$ cat entry-v2.txt   # compact mmCIF, C-alpha atoms
# COMPACT_ATOMS: atom_id res chain seq x y z
CA PRO A 1 131.95 -128.58 -113.28
CA VAL A 2 128.37 -129.58 -112.52
CA GLY A 3 125.93 -130.03 -115.39
CA VAL A 4 128.55 -129.51 -118.13
CA PRO A 5 128.79 -132.27 -120.78
CA LEU A 6 132.38 -133.44 -121.26
CA PRO A 7 133.83 -136.42 -123.14
CA GLN A 8 132.80 -139.17 -123.22
CA ALA A 9 129.30 -137.69 -122.86
CA PRO A 10 127.60 -136.35 -126.00
CA MET A 11 128.28 -132.65 -126.59
CA PRO A 12 125.96 -130.41 -128.68
CA LEU A 13 127.37 -129.09 -131.95
CA ARG A 14 126.74 -125.53 -130.78
CA HIS A 15 126.69 -124.00 -127.32
CA ALA A 16 126.32 -120.34 -126.39
CA GLY A 17 126.45 -119.55 -130.11
CA VAL A 18 129.86 -121.22 -130.53
CA ARG A 19 130.69 -124.21 -132.73
CA LEU A 20 132.03 -127.40 -131.09
CA LYS A 21 135.70 -128.20 -131.79
CA ARG A 22 137.39 -131.39 -130.70
CA TRP A 23 140.58 -133.25 -131.45
CA HIS A 24 142.61 -136.26 -130.34
CA TYR A 25 146.37 -135.91 -130.87
CA VAL A 26 149.22 -138.30 -130.04
CA SER A 27 152.93 -137.66 -130.48
CA PHE A 28 155.98 -139.95 -130.11
CA TRP A 29 159.52 -138.63 -129.58
CA SER A 30 162.76 -140.59 -129.84
CA PRO A 31 166.27 -139.77 -131.12
CA ASP A 32 165.66 -142.02 -134.16
CA LEU A 33 162.09 -141.22 -135.11
CA LEU A 34 159.36 -138.67 -134.40
CA LEU A 35 155.69 -139.08 -135.26
CA CYS A 36 152.25 -137.67 -134.63
CA ALA A 37 148.70 -138.73 -135.44
CA ALA A 38 145.50 -136.75 -134.97
CA GLN A 39 141.79 -136.65 -135.66
CA VAL A 40 140.12 -133.23 -135.73
CA HIS A 41 136.45 -132.19 -135.83
CA VAL A 42 135.20 -128.63 -136.28
CA GLY A 43 131.43 -128.83 -136.17
CA LEU A 44 130.49 -131.43 -138.78
CA ILE A 45 133.80 -131.11 -140.68
CA ALA A 46 136.30 -133.88 -139.88
CA GLN A 47 139.82 -134.77 -140.92
CA GLU A 48 142.71 -136.91 -139.77
CA TYR A 49 146.42 -136.45 -140.38
CA TRP A 50 149.70 -138.06 -139.46
CA GLY A 51 153.40 -137.48 -139.95
CA VAL A 52 156.47 -139.67 -139.42
CA TRP A 53 159.96 -138.16 -139.47
CA ASP A 54 162.62 -140.85 -139.97
CA ARG A 55 165.62 -138.97 -138.58
CA ALA A 56 168.21 -141.60 -139.57
CA ALA A 57 167.06 -141.82 -143.19
CA LYS A 58 166.15 -138.09 -143.26
CA ARG A 59 162.81 -138.84 -144.89
CA PHE A 60 159.43 -137.41 -143.95
CA TRP A 61 156.18 -139.28 -144.50
CA GLN A 62 152.82 -137.57 -144.04
CA ARG A 63 149.19 -137.70 -145.13
CA THR A 64 145.83 -136.01 -144.53
CA ASN A 65 142.57 -137.91 -144.96
CA TYR A 66 139.08 -136.41 -145.13
CA VAL A 67 136.96 -139.45 -145.99
CA THR A 68 138.99 -142.63 -145.57
CA ARG A 69 140.02 -143.41 -142.00
CA ARG A 70 143.54 -144.80 -141.64
CA VAL A 71 144.30 -143.65 -138.07
CA THR A 72 142.94 -145.39 -134.97
CA LEU A 73 143.34 -143.58 -131.65
CA ALA A 74 142.48 -145.80 -128.70
CA PRO A 75 143.06 -144.78 -125.06
CA ARG A 76 146.31 -146.78 -124.85
CA ARG A 77 147.21 -147.50 -128.48
CA VAL A 78 147.70 -145.72 -131.79
CA THR A 79 147.73 -147.40 -135.18
CA ILE A 80 148.20 -146.08 -138.71
CA ALA A 81 147.38 -148.37 -141.63
CA GLU A 82 148.34 -146.89 -145.00
CA ARG A 83 149.55 -148.80 -148.05
CA ASP A 84 153.16 -147.63 -147.62
CA VAL A 85 153.21 -146.86 -143.86
CA ALA A 86 152.11 -148.87 -140.84
CA VAL A 87 152.42 -147.81 -137.18
CA ASP A 88 151.55 -149.69 -134.00
CA LEU A 89 152.19 -147.72 -130.81
CA PRO A 90 150.99 -149.21 -127.49
CA PHE A 91 151.75 -147.13 -124.38
CA GLU A 92 150.93 -146.84 -120.68
CA PRO A 93 150.85 -143.31 -119.18
CA THR A 94 152.48 -142.54 -115.85
CA ASP A 95 150.79 -139.14 -115.56
CA GLU A 96 147.31 -137.96 -116.59
CA PHE A 97 145.37 -134.80 -115.80
CA GLU A 98 142.53 -132.62 -117.07
CA VAL A 99 142.17 -128.86 -117.50
CA TYR A 100 138.94 -126.90 -117.84
CA ARG A 101 138.20 -123.24 -118.58
CA PRO A 102 135.00 -121.20 -118.92
CA GLU A 103 135.03 -119.08 -122.11
CA GLY A 104 132.32 -116.50 -121.52
CA ARG A 105 129.11 -118.54 -121.54
CA ALA A 106 130.98 -121.39 -123.28
CA TYR A 107 133.87 -123.60 -122.09
CA VAL A 108 136.86 -125.69 -123.20
CA TRP A 109 138.31 -128.90 -121.76
CA SER A 110 141.38 -131.04 -122.32
CA SER A 111 142.87 -134.28 -121.04
CA LYS A 112 146.65 -134.80 -121.14
CA ALA A 113 148.59 -138.03 -120.73
CA PHE A 114 152.32 -138.78 -120.76
CA ALA A 115 154.21 -142.07 -121.05
CA PRO A 116 157.99 -141.75 -120.60
CA ARG A 117 158.78 -145.03 -122.33
CA ALA A 118 157.06 -146.89 -125.15
CA THR A 119 158.22 -148.94 -128.13
CA VAL A 120 156.62 -148.38 -131.53
CA GLN A 121 156.61 -150.73 -134.50
CA VAL A 122 156.90 -148.75 -137.74
CA ARG A 123 157.02 -149.79 -141.39
CA LEU A 124 158.04 -147.09 -143.85
CA GLY A 125 158.01 -148.58 -147.32
CA SER A 126 160.51 -151.43 -147.10
CA ARG A 127 162.13 -150.05 -143.94
CA THR A 128 161.10 -151.42 -140.51
CA LEU A 129 161.95 -149.71 -137.21
CA SER A 130 161.25 -150.35 -133.51
CA PRO A 131 162.44 -147.25 -131.61
CA THR A 132 161.73 -146.55 -127.95
CA GLY A 133 160.69 -143.09 -126.85
CA ALA A 134 158.15 -140.94 -124.99
CA VAL A 135 154.45 -140.49 -125.80
CA PHE A 136 152.28 -137.41 -125.25
CA VAL A 137 148.47 -137.39 -125.67
CA ASP A 138 146.17 -134.37 -125.97
CA VAL A 139 142.40 -134.90 -126.11
CA ASN A 140 140.62 -131.58 -126.46
CA ALA A 141 136.94 -130.63 -126.74
CA GLY A 142 134.81 -127.56 -126.22
CA TYR A 143 133.59 -124.27 -127.57
CA HIS A 144 136.80 -122.42 -128.29
CA PRO A 145 136.61 -118.73 -129.21
CA ARG A 146 135.89 -117.91 -132.84
CA GLN A 147 139.44 -116.59 -133.13
CA THR A 148 141.96 -118.94 -131.54
CA ARG A 149 145.73 -118.55 -131.58
CA TRP A 150 148.36 -120.61 -129.79
CA ARG A 151 152.08 -121.40 -129.74
CA TRP A 152 153.13 -124.78 -128.34
CA SER A 153 156.33 -126.67 -127.54
CA ALA A 154 156.78 -130.20 -126.22
CA GLY A 155 159.50 -132.82 -126.25
CA ALA A 156 161.73 -135.18 -124.32
CA GLY A 157 165.38 -135.98 -123.67
CA LEU A 158 167.87 -136.58 -120.88
CA ASP A 159 169.33 -134.21 -118.32
CA GLN A 160 172.92 -133.88 -117.06
CA ARG A 161 172.26 -136.65 -114.52
CA GLY A 162 170.94 -139.06 -117.13
CA ARG A 163 167.31 -138.72 -116.00
CA ALA A 164 164.48 -138.87 -118.53
CA VAL A 165 162.89 -135.41 -118.79
CA ALA A 166 160.04 -134.01 -120.87
CA TRP A 167 157.96 -130.85 -121.08
CA ASN A 168 154.72 -129.41 -122.46
CA VAL A 169 154.26 -125.61 -122.63
CA ILE A 170 151.82 -123.35 -124.45
CA VAL A 171 150.79 -119.74 -124.93
CA GLY A 172 147.22 -118.99 -126.01
CA LEU A 173 145.32 -122.01 -124.65
CA PHE A 174 145.08 -123.30 -121.06
CA ASP A 175 147.92 -120.91 -120.18
CA SER A 176 146.63 -119.22 -117.00
CA ALA A 177 149.19 -118.39 -114.29
CA GLN A 178 148.00 -121.38 -112.23
CA ALA A 179 146.14 -124.62 -112.99
CA SER A 180 147.50 -124.55 -116.54
CA GLU A 181 148.54 -127.42 -118.80
CA ARG A 182 152.25 -126.45 -118.60
CA THR A 183 154.13 -129.46 -117.27
CA LEU A 184 157.69 -130.62 -116.64
CA TRP A 185 158.17 -134.38 -116.26
CA ILE A 186 161.19 -135.91 -114.52
CA GLU A 187 161.37 -139.71 -114.73
CA GLY A 188 157.68 -139.75 -115.66
CA ARG A 189 156.44 -137.63 -112.75
CA GLY A 190 154.87 -134.31 -113.73
CA SER A 191 154.67 -130.93 -112.03
CA GLU A 192 153.27 -127.61 -113.20
CA ILE A 193 155.68 -124.85 -114.24
CA ASP A 194 155.26 -121.10 -114.58
CA PRO A 195 154.32 -119.22 -117.79
CA VAL A 196 156.61 -119.19 -120.82
CA ARG A 197 157.37 -116.81 -123.67
CA PHE A 198 158.00 -117.69 -127.32
CA SER A 199 160.19 -115.60 -129.59
CA ASP A 200 158.48 -114.09 -132.63
CA ASP A 201 160.13 -116.64 -134.95
CA LEU A 202 159.29 -119.50 -132.50
CA ARG A 203 162.91 -120.61 -132.41
CA THR A 204 163.16 -120.13 -128.64
CA VAL A 205 160.93 -120.63 -125.63
CA SER A 206 161.89 -118.90 -122.36
CA PHE A 207 160.78 -120.03 -118.89
CA ALA A 208 159.75 -117.64 -116.12
CA GLU A 209 161.74 -119.70 -113.55
CA GLY A 210 164.84 -119.40 -115.73
CA GLY A 211 166.08 -121.42 -118.67
CA GLU A 212 165.56 -121.30 -122.42
CA LEU A 213 165.21 -123.86 -125.19
CA THR A 214 166.18 -123.40 -128.84
CA PHE A 215 164.54 -125.31 -131.67
CA THR A 216 166.06 -126.58 -134.93
CA GLN A 217 163.37 -127.60 -137.40
CA GLU A 218 163.88 -130.82 -139.36
CA ALA A 219 160.41 -131.55 -140.82
CA ASN A 220 157.04 -129.82 -140.86
CA ILE A 221 153.33 -130.45 -141.41
CA ARG A 222 152.00 -127.23 -142.95
CA LYS A 223 148.28 -126.66 -143.49
CA ARG A 224 146.40 -123.67 -144.88
CA VAL A 225 142.61 -124.01 -144.75
CA GLY A 226 139.97 -121.73 -146.23
CA LEU A 227 136.61 -123.48 -146.08
CA PHE A 228 133.33 -121.60 -145.73
CA LEU A 229 133.62 -119.71 -142.41
CA ILE A 230 136.75 -121.59 -141.30
CA GLN A 231 140.23 -120.17 -141.83
CA SER A 232 143.35 -121.80 -140.42
CA ARG A 233 147.12 -121.42 -140.60
CA TYR A 234 148.78 -124.42 -138.98
CA ASP A 235 152.43 -125.47 -138.72
CA HIS A 236 153.50 -128.55 -136.80
CA ALA A 237 157.29 -128.97 -136.86
CA PHE A 238 159.50 -131.87 -135.74
CA GLY A 239 163.11 -131.33 -134.73
CA ARG A 240 165.83 -130.90 -132.15
CA TRP A 241 165.56 -128.96 -128.89
CA GLU A 242 168.57 -127.84 -126.84
CA GLY A 243 169.12 -125.56 -123.87
CA THR A 244 168.00 -125.46 -120.25
CA LEU A 245 164.69 -126.34 -118.59
CA PRO A 246 163.49 -124.85 -115.27
CA GLY A 247 165.48 -125.91 -112.23
CA GLY A 248 168.83 -125.80 -114.04
CA ILE A 249 168.05 -128.95 -116.04
CA GLU A 250 170.44 -129.15 -118.99
CA LEU A 251 168.64 -130.82 -121.87
CA ARG A 252 170.58 -133.45 -123.81
CA GLN A 253 169.44 -135.46 -126.83
CA GLY A 254 166.33 -133.29 -126.83
CA VAL A 255 163.77 -133.92 -129.58
CA GLY A 256 160.15 -132.97 -129.98
CA VAL A 257 157.65 -130.70 -131.66
CA ARG A 258 156.73 -127.06 -132.06
CA GLU A 259 153.35 -125.85 -133.22
CA ARG A 260 151.72 -122.65 -134.44
CA GLN A 261 147.96 -122.37 -134.91
CA ASP A 262 146.06 -119.29 -136.06
CA ALA A 263 142.40 -120.11 -136.65
CA VAL A 264 139.09 -118.42 -137.28
CA TRP A 265 136.59 -121.21 -136.77
$ encode --input "entry-v2.txt" --output "structure tokens"
Amino acid sequence: PVGVPLPQAPMPLRHAGVRLKRWHYVSFWSPDLLLCAAQVHVGLIAQEYWGVWDRAAKRFWQRTNYVTRRVTLAPRRVTIAERDVAVDLPFEPTDEFEVYRPEGRAYVWSSKAFAPRATVQVRLGSRTLSPTGAVFVDVNAGYHPRQTRWRWSAGAGLDQRGRAVAWNVIVGLFDSAQASERTLWIEGRGSEIDPVRFSDDLRTVSFAEGGELTFTQEANIRKRVGLFLIQSRYDHAFGRWEGTLPGGIELRQGVGVRERQDAVW
């Protein structure tokens, strides 16, 4: 779009009477370990959070910081530096794209990136791990509606032919019939897929082309925010996905995330 400020350009805190929201989120998925790290800004209010689910040890580590900054999100690297947890995740995407939507007189924008293979160095207390998995990046900025609600699923695994597969699907944000953010990756190459439907309990996601995935939750970041004019109910779950992706792809060793966000901001 012409004349519209987008990252990395400065963006005003309000536009068309709507408050600026922006976030940078990175997630890593492997059979041994799942993690996410994010920095979020709603107007002048900022926070960062992270979560690491050690699947082998069945232990979940998480933290939210409002003042101290322990998460660094660079274009090709993520680090977390806490007293008891350290993460160093370098990655190189094979697929990147942007999506943009007018919202009345306002607008929203997002940049997505996917790396099918990356190795992370993780220290959890006295335990050190170096798993290899997939990386998904979501950088989002704009003037989202005052009431925003979405349901999201993403993850990675293998198919019946041993190929690396991954997906990213959403309802409620960038979910138009075409030119959406919905993506299926096969061996690191992405293509758009048709709309999806989530069950009321979010245990299943069904694909318009055929196929359905079922989620088993193993760990969860749960946030309830009531701050001035901002209200938010947020659940970000880690766990196992199984079922069938579009095109008759049978998902094996599927792991990833599922998210619910209901916000008035």
$ closest_atom_pairs --input "entry-v2.txt" --of "stretch 147-206 of chain A" --to "stretch 217-220 of chain A" --cutoff "12 Å" --atoms "only C-alpha atoms" --output "JSON lines"
{"residue": "A:Asp201", "atom": "CA", "partner": "A:Gln217", "partner_atom": "CA", "distance": 11.7}
{"residue": "A:Leu202", "atom": "CA", "partner": "A:Gln217", "partner_atom": "CA", "distance": 10.3}
{"residue": "A:Arg203", "atom": "CA", "partner": "A:Gln217", "partner_atom": "CA", "distance": 8.6}
{"residue": "A:Thr204", "atom": "CA", "partner": "A:Gln217", "partner_atom": "CA", "distance": 11.5}
$ closest_atom_pairs --input "entry-v2.txt" --of "stretch 179-245 of chain A" --to "stretch 140-161 of chain A" --cutoff "9 Å" --atoms "all atoms listed in the file" --output "Markdown table"
| residue | atom | partner | partner_atom | distance |
| --- | --- | --- | --- | --- |
| A:Trp185 | CA | A:Ala156 | CA | 8.8 |
| A:Phe198 | CA | A:Arg151 | CA | 7.4 |
| A:Leu202 | CA | A:Arg151 | CA | 8.0 |
| A:Val205 | CA | A:Ser153 | CA | 7.8 |
| A:Arg240 | CA | A:Gly155 | CA | 8.9 |
| A:Trp241 | CA | A:Gly155 | CA | 7.7 |
$ residues_around --input "entry-v2.txt" --residues "A:Ala38" --least-positions-apart "2" --cutoff "10 Å" --atoms "all atoms listed in the file" --output "PDB file with C-alpha atoms, in the coordinates of the input"
ATOM      1  CA  TRP A  23     140.580-133.250-131.450  1.00  0.00           C
ATOM      2  CA  HIS A  24     142.610-136.260-130.340  1.00  0.00           C
ATOM      3  CA  TYR A  25     146.370-135.910-130.870  1.00  0.00           C
ATOM      4  CA  VAL A  26     149.220-138.300-130.040  1.00  0.00           C
ATOM      5  CA  SER A  27     152.930-137.660-130.480  1.00  0.00           C
ATOM      6  CA  CYS A  36     152.250-137.670-134.630  1.00  0.00           C
ATOM      7  CA  VAL A  40     140.120-133.230-135.730  1.00  0.00           C
ATOM      8  CA  GLN A  47     139.820-134.770-140.920  1.00  0.00           C
ATOM      9  CA  GLU A  48     142.710-136.910-139.770  1.00  0.00           C
ATOM     10  CA  TYR A  49     146.420-136.450-140.380  1.00  0.00           C
ATOM     11  CA  TRP A  50     149.700-138.060-139.460  1.00  0.00           C
ATOM     12  CA  GLY A  51     153.400-137.480-139.950  1.00  0.00           C
ATOM     13  CA  THR A  64     145.830-136.010-144.530  1.00  0.00           C
ATOM     14  CA  VAL A  71     144.300-143.650-138.070  1.00  0.00           C
ATOM     15  CA  THR A  72     142.940-145.390-134.970  1.00  0.00           C
ATOM     16  CA  LEU A  73     143.340-143.580-131.650  1.00  0.00           C
ATOM     17  CA  VAL A  78     147.700-145.720-131.790  1.00  0.00           C
ATOM     18  CA  VAL A 137     148.470-137.390-125.670  1.00  0.00           C
ATOM     19  CA  ASP A 138     146.170-134.370-125.970  1.00  0.00           C
ATOM     20  CA  VAL A 139     142.400-134.900-126.110  1.00  0.00           C
TER      21      VAL A 139
END
$ closest_residue --input "entry-v2.txt" --among "A:Gly256, A:Gly125, A:Gly133, A:Pro93" --to "A:Gly188" --atoms "all atoms listed in the file"
A:Pro93
$ atom_distance --input "entry-v2.txt" --atom1 "atom CA of A:Ser176" --atom2 "atom CA of A:Gly3"
23.4 Å
$ atom_distance --input "entry-v2.txt" --atom1 "atom CA of A:Pro90" --atom2 "atom CA of A:Leu124"
17.9 Å
$ closest_residue --input "entry-v2.txt" --among "A:Ile45, A:Ile186, A:Ala118, A:Val87" --to "A:Ile230" --atoms "only C-alpha atoms"
A:Ile45
$ residues_near_point --input "entry-v2.txt" --point "(150.5, -150.7, -135.8)" --cutoff "9 Å" --atoms "only C-alpha atoms" --output "PDB file with C-alpha atoms, in the coordinates of the input"
ATOM      1  CA  ARG A  77     147.210-147.500-128.480  1.00  0.00           C
ATOM      2  CA  VAL A  78     147.700-145.720-131.790  1.00  0.00           C
ATOM      3  CA  THR A  79     147.730-147.400-135.180  1.00  0.00           C
ATOM      4  CA  ILE A  80     148.200-146.080-138.710  1.00  0.00           C
ATOM      5  CA  ALA A  81     147.380-148.370-141.630  1.00  0.00           C
ATOM      6  CA  ALA A  86     152.110-148.870-140.840  1.00  0.00           C
ATOM      7  CA  VAL A  87     152.420-147.810-137.180  1.00  0.00           C
ATOM      8  CA  ASP A  88     151.550-149.690-134.000  1.00  0.00           C
ATOM      9  CA  LEU A  89     152.190-147.720-130.810  1.00  0.00           C
ATOM     10  CA  PRO A  90     150.990-149.210-127.490  1.00  0.00           C
ATOM     11  CA  VAL A 120     156.620-148.380-131.530  1.00  0.00           C
ATOM     12  CA  GLN A 121     156.610-150.730-134.500  1.00  0.00           C
ATOM     13  CA  VAL A 122     156.900-148.750-137.740  1.00  0.00           C
ATOM     14  CA  ARG A 123     157.020-149.790-141.390  1.00  0.00           C
TER      15      ARG A 123
END
$ axis_aligned_box --input "entry-v2.txt" --around "stretch 253-260 of chain A" --padding-each-side "4 Å" --output "JSON"
{"center_x": 160.6, "center_y": -129.1, "center_z": -130.6, "size_x": 25.7, "size_y": 20.8, "size_z": 15.6}
$ closest_residue --input "entry-v2.txt" --among "A:Leu33, A:Glu250, A:Phe60, A:Phe238" --to "A:Gly162" --atoms "all atoms listed in the file"
A:Glu250
$ residues_around --input "entry-v2.txt" --residues "A:Arg19" --least-positions-apart "3" --cutoff "6 Å" --atoms "only C-alpha atoms" --output "PDB file with C-alpha atoms, in the coordinates of the input"
ATOM      1  CA  LEU A  13     127.370-129.090-131.950  1.00  0.00           C
ATOM      2  CA  ARG A  14     126.740-125.530-130.780  1.00  0.00           C
ATOM      3  CA  GLY A  43     131.430-128.830-136.170  1.00  0.00           C
ATOM      4  CA  TYR A 143     133.590-124.270-127.570  1.00  0.00           C
TER       5      TYR A 143
END
$ atom_distance --input "entry-v2.txt" --atom1 "atom CA of A:Leu44" --atom2 "atom CA of A:Leu20"
8.8 Å
$ closest_residue --input "entry-v2.txt" --among "A:His15, A:Lys21, A:Phe174, A:Pro246" --to "A:Val264" --atoms "only C-alpha atoms"
A:Lys21
$ closest_residue --input "entry-v2.txt" --among "A:Arg258, A:Arg224, A:Arg182, A:Arg163" --to "A:Pro195" --atoms "all atoms listed in the file"
A:Arg182
$ closest_residue --input "entry-v2.txt" --among "A:Tyr107, A:Phe114, A:Phe91, A:Phe207" --to "A:Gly190" --atoms "only C-alpha atoms"
A:Phe114
$ residues_around --input "entry-v2.txt" --residues "A:Pro31" --least-positions-apart "3" --cutoff "8 Å" --atoms "all atoms listed in the file" --output "list in words"
Leu34, Arg55, Gly133, Gln253, Gly254 and Val255 of chain A
$ residues_near_point --input "entry-v2.txt" --point "(145.9, -120.4, -138.7)" --cutoff "8 Å" --atoms "all atoms listed in the file" --output "list in words"
Arg149, Arg224, Val225, Gln231, Ser232, Arg233, Tyr234, Arg260, Gln261, Asp262, Ala263 and Val264 of chain A
$ write_last_selection --input "entry-v2.txt" --atoms "C-alpha atoms" --output "short mmCIF file (atom, residue, chain, number, x, y, z; two decimals), keeping the file's coordinate frame"
data_model
loop_
_atom_site.label_atom_id
_atom_site.label_comp_id
_atom_site.auth_asym_id
_atom_site.auth_seq_id
_atom_site.Cartn_x
_atom_site.Cartn_y
_atom_site.Cartn_z
CA ARG A 149 145.73 -118.55 -131.58
CA ARG A 224 146.40 -123.67 -144.88
CA VAL A 225 142.61 -124.01 -144.75
CA GLN A 231 140.23 -120.17 -141.83
CA SER A 232 143.35 -121.80 -140.42
CA ARG A 233 147.12 -121.42 -140.60
CA TYR A 234 148.78 -124.42 -138.98
CA ARG A 260 151.72 -122.65 -134.44
CA GLN A 261 147.96 -122.37 -134.91
CA ASP A 262 146.06 -119.29 -136.06
CA ALA A 263 142.40 -120.11 -136.65
CA VAL A 264 139.09 -118.42 -137.28
#
